[in-house]
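The structure appears below as structure tokens.
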Amino acid sequence: MSEPLIRVEGLTKDYVMGSNVVPALRGVTLDIAAGEFVAVMGPSGSGKSTFMNLLGCLDHPSAGSYRLGGQEVSALSGDELAAVRNRKLGFVFQHFNLLARTTALDNVALPLLYGNVPAAERYPRAERRLSQIGLAERMDHHPSQLSGGQQQRVAIARALVNDPQLVLADEPTGALDSRTSVEIMALLQQLNREGITIVLVTHEHDIADFAGRIISFRDGKVVEDRANVAKYAAAEL
Amino acid sequence: MNFTATLRIALLALRINKLRSALTMLGIIIGVAAVIVMIAVGNGAQARVEDQIRSLGSNIIMVLSGSMTSGGARGGSGSQPTITEDDAYALNREIDEIQAAAPSLRGSGQVVLGNTNWSTVFYGTSPEYLQVRDWPVIEGRGFEQAEINGAGKVALIGQTVALNLFGETNPVDQVVRINKVPLTIIGVLDRKGQNMMGQDQDDIVLMPISTARKRVLGSSRFAAGRNVGSIMVKVKDGADMAAAEARMRELLRQRHRLQNGQDDDFYVRNLSEILQAQEASSKVMSLLLAAVASVSLLVGGIGIMNIMLVSVTERTREIGLRMAVGARARDILTQFLVEAVTLSLIGGAVGILLGVGGATAIAEFAGWRTELSASSIVLAAGFAGAIGVFFGYYPARKASRLLPIEALRYE
């Protein structure tokens, strides 16, 4: 294998607040291979969210290099980053971030809309993803008509619809009860087994335990990076 | 990202907030309707003046008898008959700019037909009168020179007189009596409507000037000699009105043997000029009305900007999400711009309906003359669209410049 999916070297991010420079990330270097399921942990202020934003091409690093699938993305323009997010990345958020009063199907098809996928292809692809996560029956429902777990599944379908190289999940279970959380983790594990690379941010050890590798952050640095014998969520259900 | 998708997204966003969208549109609706109604009212007023100009005839100059000064007391206009029939003929003959000049002697009396009668005004005049006033005879014929020379017992009548005396029957060749003089009606004049004072111009009888003088006016002081009350002059199209007026004045002074320094014993009035001034002022008026109405359109535009700014703030997380899944800054810009333009165009369309309805209602109930013009509708609609773009741009740009992480985290 020539190069891992993600190669981060000396990644640094400083926030300027007035005259103060607040370092959020102080030189992070690590690789993540395709097919891994990584949990990023750390207390608030540890820099894990900043790291996620940089991995998600939502923000520019202050220094360092970030290669995604062999492409240096740290110096891309706003529009180029948008294209990277659209084609290579999928996002799952804590609060689902679904469009209100929009059907599950339209929500899932949204990334394809911005990817200039023709309408004739958009909806079959979105339908396939919704069926895959078990929501074929609820395609025409609005988010308000779905439970939290179902909403997060719709969000996961949306993250997958453009066949991304990497799915980034930012506290995906943070707004869910424990049983639904396990269901979502089971779904993520299943997707990972099917070959999708997942990076998950969480501050709960229970949740991180479902991943195959756990990276811990503190004060903007990686303090621990270990393999984990993943606990199978499906077994707990 | 194609345009129909953007349009669908925008329409959906507007539908989600129906009441707010409707209220935002209200500003544009009122603005557009106001512009259309105001322009219609203004155009109506202008058209009325233009009609008056048309009914008077174009390039008209009136010569009136002057005032008499006796023992230091100055009489009013026409207190002394100073101008004559021959002045009119001389004007006709000697001034190139003049197309026609018609003397007229005015009188009033009762027109009797059998056992009905009608009181009206009559004018003794020459055949040129109809030419000066651009007034066609729609039935029968006009005067012949022999009838002018020989005080022929003939008359032309206006529509109002025809209607009141004859109703539906044809007046031509019928004999009526005016001040006991029997006159044969040889023709009926076309309808002219009201003049600028609101008088009915169709309530009129025309007869040869000699007939009026010798047979009908009787003991009036105009009956003697060749004096007339007024001369109506039509200047040729394209000729300089002011120069024609000056030459007329000069000729009349000469004919009346007035010394240098002596006052004119006649008045010259350029009627067309007065009407044109009125037309100009009605133009200014309609422009002013349209300007006031456009202010409300502008206020409507500011309303759109206001609501769009609120909407951008409210939907910050949505914008963040769209960016996270791949929307570029210009996709966001287009989406919000399309929303604003859609608001203003739908508002504009409703405003046009309301404006057309309003103008019709004003014409119907207030009795004002209104004239809807396609150009004002196109103008108002175009203006509404432009306002959408103009006032939608700033909020849309603000939305497109949000940073994705900050937008996503916005609470």
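Each chain in the structure tokens gets a letter, A, B, ..., in the order shown, and its residues are numbered from 1; ligands are numbered from 1 in order too.
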Within 6 Å of chain B, which residues of chain A show up when using only C-alpha atoms, listed as a ChimeraX atom specification?
/A:58,79,82-83,85-86,111,114,116
If you run DSSP over the backbone, which residues in range 55-166 of chain A end up helix (DSSP H, G or I)? Put them as a VMD selection string.
chain A and resid 55 78 to 88 104 to 114 119 to 132 136 to 138 143 to 145 148 to 160
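Relative to CA of Ile30 in chain B, CA of Leu298 in chain B is found at 10.7 Å.
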Selection near Val8 in chain A, 7 Å with only C-alpha atoms, sequence-local residues under 5 positions removed, as a ChimeraX atom specification:
/A:28-31,65-67
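Across B:Leu56, B:Ala88, B:Leu372, B:Met308, the tightest approach to Ile39 in chain B is made by B:Leu372 when counting only C-alpha atoms.
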May I have the residues within 8 Å of range 212-216 of chain A as number ranges by chain, using only C-alpha atoms and disregarding those fewer than 3 positions away in the same chain?
A: 36-42, 208-209, 222-230
Would you mind exporting N, CA and C atoms of the selected residues as a short mmCIF file (atom, residue, chain, number, x, y, z; two decimals), in the first residue's frame?
data_model
loop_
_atom_site.label_atom_id
_atom_site.label_comp_id
_atom_site.auth_asym_id
_atom_site.auth_seq_id
_atom_site.Cartn_x
_atom_site.Cartn_y
_atom_site.Cartn_z
N GLU A 36 -10.16 1.63 8.36
CA GLU A 36 -10.07 1.70 9.83
C GLU A 36 -11.35 2.28 10.43
N PHE A 37 -11.60 1.98 11.70
CA PHE A 37 -12.67 2.60 12.47
C PHE A 37 -12.00 3.21 13.69
N VAL A 38 -11.82 4.54 13.64
CA VAL A 38 -11.03 5.23 14.65
C VAL A 38 -11.93 6.08 15.53
N ALA A 39 -11.71 6.00 16.83
CA ALA A 39 -12.41 6.90 17.75
C ALA A 39 -11.42 7.95 18.24
N VAL A 40 -11.81 9.21 18.14
CA VAL A 40 -10.98 10.29 18.66
C VAL A 40 -11.59 10.74 19.97
N MET A 41 -10.78 10.71 21.04
CA MET A 41 -11.31 11.01 22.37
C MET A 41 -10.57 12.18 22.98
N GLY A 42 -11.10 12.66 24.07
CA GLY A 42 -10.42 13.73 24.79
C GLY A 42 -11.45 14.62 25.45
N ALA A 208 -16.48 4.88 22.40
CA ALA A 208 -15.18 4.71 21.75
C ALA A 208 -14.79 3.23 21.68
N ASP A 209 -15.30 2.51 22.61
CA ASP A 209 -14.97 1.09 22.71
C ASP A 209 -15.43 0.26 21.51
N VAL A 222 -1.67 14.56 20.61
CA VAL A 222 -2.08 13.17 20.77
C VAL A 222 -1.33 12.61 21.97
N VAL A 223 -2.06 12.10 22.97
CA VAL A 223 -1.38 11.56 24.14
C VAL A 223 -1.42 10.04 24.14
N GLU A 224 -2.32 9.48 23.38
CA GLU A 224 -2.40 8.03 23.34
C GLU A 224 -2.97 7.61 21.99
N ASP A 225 -2.41 6.58 21.40
CA ASP A 225 -2.91 6.09 20.12
C ASP A 225 -2.79 4.58 20.18
N ARG A 226 -3.91 3.89 20.41
CA ARG A 226 -3.79 2.44 20.62
C ARG A 226 -4.86 1.69 19.84
N ALA A 227 -4.50 0.46 19.54
CA ALA A 227 -5.49 -0.42 18.93
C ALA A 227 -6.46 -0.87 20.01
N ASN A 228 -7.68 -1.16 19.60
CA ASN A 228 -8.69 -1.54 20.57
C ASN A 228 -9.38 -2.80 20.06
N VAL A 229 -9.60 -3.69 20.97
CA VAL A 229 -10.38 -4.86 20.59
C VAL A 229 -11.84 -4.45 20.63
N ALA A 230 -12.37 -4.22 19.44
CA ALA A 230 -13.70 -3.62 19.38
C ALA A 230 -14.75 -4.54 19.97
#
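Distance-wise, CA of Met232 in chain B and CA of Thr160 in chain B end up 22.4 Å apart.
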Those in range 176-221 of chain B with strand (DSSP E) from DSSP, as JSON, numbers by chain:
{"B": [176, 177, 178, 181, 182, 183, 184, 185, 186, 187, 188, 189, 204, 205, 206, 207, 208]}
Non-local contacts of His141 in chain A (10 Å; only C-alpha atoms; under 5 positions in same chain excluded) as a PyMOL selection string:
chain A and resi 101-106+135+146
Expected file contents, prior selection, N, CA and C atoms, as a compact mmCIF listing (two decimals), in the first residue's frame:
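Output below, filename part.txt:
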# COMPACT_ATOMS: atom_id res chain seq x y z
N ARG A 101 -38.82 20.15 7.52
CA ARG A 101 -39.89 20.15 6.51
C ARG A 101 -39.40 19.70 5.14
N THR A 102 -38.44 18.81 5.16
CA THR A 102 -37.92 18.24 3.92
C THR A 102 -37.94 16.74 4.13
N THR A 103 -38.36 16.00 3.13
CA THR A 103 -38.49 14.55 3.33
C THR A 103 -37.13 13.92 3.54
N ALA A 104 -37.16 12.74 4.17
CA ALA A 104 -35.92 11.99 4.40
C ALA A 104 -35.20 11.79 3.07
N LEU A 105 -35.97 11.46 2.03
CA LEU A 105 -35.36 11.20 0.72
C LEU A 105 -34.64 12.45 0.21
N ASP A 106 -35.30 13.61 0.31
CA ASP A 106 -34.67 14.84 -0.16
C ASP A 106 -33.44 15.18 0.67
N LEU A 135 -34.58 2.27 6.42
CA LEU A 135 -35.63 3.30 6.52
C LEU A 135 -36.43 3.42 5.22
N LEU A 146 -39.87 11.64 12.66
CA LEU A 146 -38.98 10.51 12.90
C LEU A 146 -38.42 10.61 14.31
